[in-house]
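Visitor: Next up, entry_37.cif (mmCIF, C-alpha atoms).
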data_run
#
loop_
_atom_site.label_atom_id
_atom_site.label_comp_id
_atom_site.auth_asym_id
_atom_site.auth_seq_id
_atom_site.Cartn_x
_atom_site.Cartn_y
_atom_site.Cartn_z
CA MET A 1 100.51 136.55 142.30
CA ILE A 2 103.32 134.10 141.69
CA GLY A 3 101.36 131.44 143.53
CA ALA A 4 98.34 132.00 141.28
CA ALA A 5 100.48 131.77 138.14
CA SER A 6 102.09 128.60 139.42
CA ALA A 7 98.68 127.11 140.19
CA THR A 8 97.46 128.03 136.68
CA SER A 9 100.46 126.46 134.95
CA GLY A 10 100.10 123.36 137.14
CA SER A 11 96.45 123.12 136.17
CA VAL A 12 97.30 123.61 132.48
CA ILE A 13 99.88 120.85 132.62
CA ARG A 14 97.50 118.52 134.44
CA GLN A 15 94.41 119.24 132.35
CA ASP A 16 95.84 119.87 128.88
CA LEU A 17 99.42 118.80 128.43
CA VAL A 18 99.31 115.40 130.12
CA PRO A 19 96.12 114.11 128.39
CA ILE A 20 97.23 115.37 124.98
CA THR A 21 100.75 113.95 125.34
CA THR A 22 99.41 110.63 126.60
CA GLY A 23 96.90 110.39 123.75
CA TYR A 24 99.54 111.35 121.21
CA VAL A 25 102.05 108.77 122.49
CA LEU A 26 99.39 106.04 122.56
CA LEU A 27 98.16 106.82 119.04
CA MET A 28 101.61 107.13 117.53
CA GLY A 29 102.77 103.98 119.32
CA THR A 30 99.85 102.01 117.93
CA LEU A 31 100.43 103.32 114.42
CA ALA A 32 104.16 102.58 114.66
CA ALA A 33 103.46 99.04 115.83
CA GLY A 34 101.09 98.56 112.91
CA LEU A 35 103.65 99.92 110.46
CA VAL A 36 106.41 97.66 111.78
CA ARG A 37 104.13 94.66 111.61
CA GLN A 38 103.02 95.51 108.08
CA ARG A 39 106.61 95.96 106.87
CA ARG A 40 107.68 92.70 108.45
CA ASP A 41 104.80 90.84 106.80
CA ARG A 42 105.61 92.42 103.44
CA ALA A 43 109.28 91.53 103.76
CA VAL A 44 108.47 87.92 104.63
CA ALA A 45 106.09 87.71 101.66
CA ALA A 46 108.72 89.14 99.32
CA GLY A 47 111.38 86.72 100.54
CA HIS A 48 113.86 89.32 101.74
CA SER A 49 113.98 91.84 104.53
CA ALA A 50 113.91 95.12 102.68
CA GLU A 51 111.56 97.01 100.41
CA PRO A 52 112.24 96.93 96.69
CA GLY A 53 114.10 99.90 95.29
CA ILE A 54 112.16 102.93 94.17
CA ALA A 55 113.36 104.67 91.08
CA ALA A 56 113.68 108.42 90.91
CA PRO A 57 110.24 109.92 90.36
CA GLY A 58 109.71 111.89 87.20
CA ARG A 59 108.23 115.32 86.80
CA ARG A 60 104.90 113.84 85.83
CA ALA A 61 104.76 111.75 89.00
CA TRP A 62 105.35 114.82 91.15
CA LEU A 63 102.67 116.72 89.26
CA ARG A 64 100.26 113.88 89.87
CA LEU A 65 101.12 113.83 93.55
CA ILE A 66 100.55 117.58 93.77
CA GLY A 67 97.24 117.21 91.95
CA HIS A 68 96.24 114.40 94.32
CA MET A 69 97.13 116.57 97.31
CA ALA A 70 95.35 119.62 95.93
CA GLY A 71 92.20 117.59 95.34
CA THR A 72 92.24 116.13 98.85
CA PHE A 73 93.02 119.45 100.51
CA THR A 74 90.35 121.35 98.59
CA GLY A 75 87.72 118.65 99.04
CA GLY A 76 88.43 118.28 102.76
CA TYR A 77 88.40 122.01 103.32
CA LEU A 78 85.09 122.44 101.50
CA VAL A 79 83.52 119.51 103.36
CA LEU A 80 84.53 120.99 106.71
CA MET A 81 83.32 124.46 105.75
CA ALA A 82 79.97 123.02 104.65
CA ILE A 83 79.60 121.20 107.98
CA VAL A 84 80.64 124.26 110.01
CA VAL A 85 78.23 126.57 108.16
CA ALA A 86 75.39 124.03 108.44
CA TYR A 87 76.12 123.64 112.15
CA TYR A 88 76.22 127.38 112.71
CA PHE A 89 72.99 128.20 110.89
CA GLY A 90 71.15 124.97 111.58
CA VAL A 91 72.11 123.89 115.09
CA ALA A 92 73.75 126.55 117.24
CA ARG A 93 74.79 130.14 116.66
CA VAL A 94 78.11 129.93 118.44
CA SER A 95 79.20 133.26 119.85
CA GLY A 96 82.39 135.03 118.89
CA ASN A 97 84.13 134.82 115.54
CA PHE A 98 83.27 131.18 115.01
CA LEU A 99 82.75 131.26 111.24
CA GLU A 100 85.63 133.63 110.57
CA SER A 101 87.95 131.52 112.71
CA ALA A 102 86.90 128.36 110.85
CA VAL A 103 87.52 129.85 107.41
CA THR A 104 90.80 131.62 108.14
CA GLY A 105 92.14 129.19 110.73
CA CYS A 106 91.70 126.13 108.55
CA ALA A 107 93.16 128.01 105.58
CA LEU A 108 96.17 128.83 107.74
CA LEU A 109 96.56 125.18 108.73
CA LEU A 110 96.43 124.21 105.05
CA GLY A 111 98.99 126.83 104.15
CA LEU A 112 101.34 125.57 106.83
CA SER A 113 100.88 121.85 106.32
CA ALA A 114 100.95 121.62 102.51
CA PRO A 115 104.57 122.81 102.02
CA LEU A 116 105.73 120.72 104.98
CA PHE A 117 103.97 117.68 103.56
CA LEU A 118 105.58 118.14 100.14
CA ALA A 119 109.00 118.73 101.68
CA ALA A 120 108.68 115.58 103.79
CA SER A 121 107.68 113.57 100.70
CA TRP A 122 110.65 114.93 98.77
CA LEU A 123 113.04 114.10 101.61
CA ALA A 124 111.66 110.57 101.88
CA GLU A 125 112.13 110.02 98.15
CA ARG A 126 115.64 111.37 98.30
CA ARG A 127 116.52 109.10 101.22
CA ASP A 128 115.14 106.05 99.40
CA ARG A 129 117.06 106.88 96.24
CA ARG A 130 120.29 107.37 98.17
CA ARG A 131 119.80 104.07 99.93
CA ASP A 132 119.23 102.40 96.57
CA ARG A 133 122.36 103.94 95.11
CA ARG A 134 124.40 102.74 98.07
CA GLY A 135 123.22 99.22 97.34
CA ALA A 136 121.34 98.67 100.55
CA HIS A 137 118.84 96.55 98.66
CA PRO A 138 120.23 93.36 97.16
CA PRO A 139 119.53 92.77 93.48
CA SER A 140 116.41 90.75 92.91
CA SER A 141 116.27 87.39 91.23
CA GLY A 142 112.82 85.88 91.65
CA PRO A 143 109.85 86.27 89.31
CA ALA A 144 108.00 88.39 91.85
CA ASP A 145 110.86 90.86 91.86
CA ALA A 146 111.05 90.83 88.08
CA GLY A 147 107.42 91.81 87.92
CA ARG A 148 107.99 94.55 90.43
CA GLN A 149 110.95 95.94 88.54
CA ALA A 150 108.84 96.24 85.43
CA ASP A 151 106.69 98.86 87.18
CA PRO A 152 107.35 102.42 86.04
CA PRO A 153 109.13 104.76 88.42
CA ARG A 154 106.69 106.11 90.93
CA CYS A 155 106.73 108.85 93.45
CA ARG A 156 105.82 107.64 96.90
CA ASN A 157 104.08 109.90 99.32
CA LEU A 158 105.62 109.78 102.79
CA ILE A 159 102.47 109.72 104.85
CA THR A 160 99.74 108.26 102.70
CA GLY A 161 101.96 105.86 100.77
CA VAL A 162 100.26 106.98 97.57
CA ARG A 163 102.30 106.35 94.47
CA PRO A 164 100.71 108.36 91.70
CA GLY A 165 101.46 107.32 88.18
CA MET B 166 87.41 123.83 142.59
CA ALA B 167 85.08 122.96 139.75
CA LYS B 168 83.30 119.65 139.95
CA HIS B 169 84.47 117.27 137.26
CA PRO B 170 81.97 115.13 135.36
CA VAL B 171 83.62 111.84 136.28
CA LEU B 172 81.12 109.77 134.32
CA GLY B 173 81.89 111.76 131.16
CA TYR B 174 85.63 111.18 131.56
CA LEU B 175 84.97 107.52 132.22
CA VAL B 176 83.01 107.20 128.98
CA TRP B 177 85.89 108.77 127.04
CA ALA B 178 88.39 106.47 128.75
CA VAL B 179 86.30 103.39 127.91
CA LEU B 180 85.89 104.51 124.29
CA PHE B 181 89.61 105.07 123.79
CA GLY B 182 90.44 101.88 125.67
CA ALA B 183 88.11 99.93 123.40
CA LEU B 184 89.71 101.51 120.33
CA PHE B 185 93.22 100.51 121.36
CA ALA B 186 92.08 97.05 122.47
CA TRP B 187 90.43 96.53 119.07
CA GLU B 188 93.59 97.66 117.27
CA GLY B 189 95.72 95.38 119.46
CA LEU B 190 93.48 92.44 118.60
CA ALA B 191 93.81 93.26 114.89
CA LEU B 192 97.60 93.56 115.08
CA SER B 193 97.93 90.29 116.95
CA HIS B 194 96.35 88.41 114.04
CA LEU B 195 94.45 86.27 116.53
CA SER B 196 91.38 86.83 114.47
CA GLY B 197 91.89 87.26 110.74
CA ALA B 198 88.54 88.98 110.42
CA VAL B 199 89.55 92.09 112.38
CA PRO B 200 91.03 94.78 110.14
CA THR B 201 93.70 97.09 111.58
CA LEU B 202 93.22 100.83 111.81
CA SER B 203 95.65 101.36 108.95
CA ALA B 204 93.78 98.83 106.78
CA THR B 205 90.56 100.67 107.52
CA PHE B 206 92.11 104.02 106.65
CA ARG B 207 93.55 102.52 103.47
CA LEU B 208 90.08 101.41 102.46
CA ILE B 209 88.58 104.81 103.25
CA THR B 210 91.30 106.76 101.44
CA ARG B 211 90.82 104.70 98.30
CA TYR B 212 87.86 106.92 97.45
CA PRO B 213 87.98 110.71 97.04
CA VAL B 214 84.98 111.27 99.32
CA GLY B 215 86.65 109.22 102.05
CA ARG B 216 89.85 111.23 101.70
CA TRP B 217 87.89 114.49 101.92
CA ALA B 218 86.05 113.32 105.04
CA LEU B 219 89.25 112.19 106.77
CA PHE B 220 91.06 115.36 105.83
CA ALA B 221 88.12 117.46 107.07
CA LEU B 222 88.32 115.57 110.38
CA TRP B 223 92.05 116.22 110.62
CA LEU B 224 91.49 119.90 109.82
CA TRP B 225 88.72 120.20 112.39
CA PHE B 226 90.95 118.63 115.05
CA GLY B 227 93.86 120.94 114.22
CA TRP B 228 91.59 123.96 114.16
CA HIS B 229 90.26 123.16 117.63
CA ILE B 230 93.64 122.31 119.13
CA PHE B 231 95.83 125.02 117.65
CA ILE B 232 93.74 127.83 116.20
CA ARG B 233 90.44 128.34 117.99
CA GLY B 234 90.85 130.95 120.70
CA TRP B 235 94.55 131.32 119.83
CA HIS B 236 95.64 129.94 123.18
CA PHE B 237 97.89 127.32 121.63
CA LEU B 238 97.05 124.45 123.95
CA LEU B 239 97.00 126.73 126.99
CA ARG B 240 93.66 127.47 128.55
CA ALA B 241 94.86 130.40 130.69
#
When written as structure tokens, how does the structure in this file appear?
Guide:
Amino acid sequence: MIGAASATSGSVIRQDLVPITTGYVLLMGTLAAGLVRQRRDRAVAAGHSAEPGIAAPGRRAWLRLIGHMAGTFTGGYLVLMAIVVAYYFGVARVSGNFLESAVTGCALLLGLSAPLFLAASWLAERRDRRRDRRGAHPPSSGPADAGRQADPPRCRNLITGVRPG
Amino acid sequence: MAKHPVLGYLVWAVLFGALFAWEGLALSHLSGAVPTLSATFRLITRYPVGRWALFALWLWFGWHIFIRGWHFLLRA
């Protein structure tokens, strides 16, 4: 009994955990390398090694970000549901609770990820503002910086980098 | 012991290897004509339809990994 359980867990680790972890590490490593490279290029182009300061986002900016998110979430959900329904009725009638799982499972994922996404965006903004207040970014002097400072305060999204406003 | 479709695994390995090799080439700036994965995603997410498609893909992936069957990664 114990031997069978041990064999099952060994097989799970070998067949599921290792490939998923390896794929995740590879993908995240590639994205991180790209992000570092992009930041370095941007810093070189700007003439200093840090991003320009981001002012505190206003209420309108947050509302726009939420609207942007809601549009993307709703659109993506509807696109997936359309594909799943078309697949089910047009290609293969998958057994079990396929359709129900798609509708409720994806809704659950949305319900879990949306608040986390907003919270992460809020934390990133807060961290940037704190860093600005501490004077981590030197005051700008060049014309490029002057142009950048003239931009209105914008709310930056942590993951997509979207700055609505 | 079940027989594994080695050729199928090999195809997946080659596909993913090619993806990472392509991204590495783009990041190295050896060829200015190769866009990075992030540049490609930036282009796609510029348009609402592209954002919907990418988000649908993300949702589909999450549904299959975490929700479908409720085994939470474990195939027991």
Visitor: Run the PyMOL selection byres ((chain B) within 10 of (chain A)) on the file and write out the hits as a count of residues only.
Guide: 42
Visitor: Mind giving me the straight-line distance from CA of Met28 (chain A) to CA of Leu184 (chain B) in Å, one decimal?
Guide: 13.5 Å
Visitor: CA of Trp177 (chain B) to CA of Ala32 (chain A): how many Å, to one decimal?
Guide: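 So the two atoms, CA of Trp177 (chain B) and CA of Ala32 (chain A), lie 22.9 Å apart.
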Visitor: Check the smallest atom-to-atom distance from each of B:Ala178, B:Pro200, B:Gly173, B:Lys168 to Thr22 (chain A) using only C-alpha atoms, then report the winner.
Guide: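 Closest to Thr22 (chain A), using only C-alpha atoms: B:Ala178.
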Visitor: Between CA of Tyr24 (chain A) and CA of His194 (chain B), measure the distance and give it in Å to one decimal.
Guide: 24.2 Å
Visitor: Kindly list the centre and edge lengths in Å, rounded to one decimal, for the axis-aligned box that covers all listed atoms of region 29-36 of chain A plus 8 Å on each of its six sides, as JSON.
Guide:
{"center_x": 103.1, "center_y": 100.8, "center_z": 114.9, "size_x": 22.6, "size_y": 22.3, "size_z": 24.9}
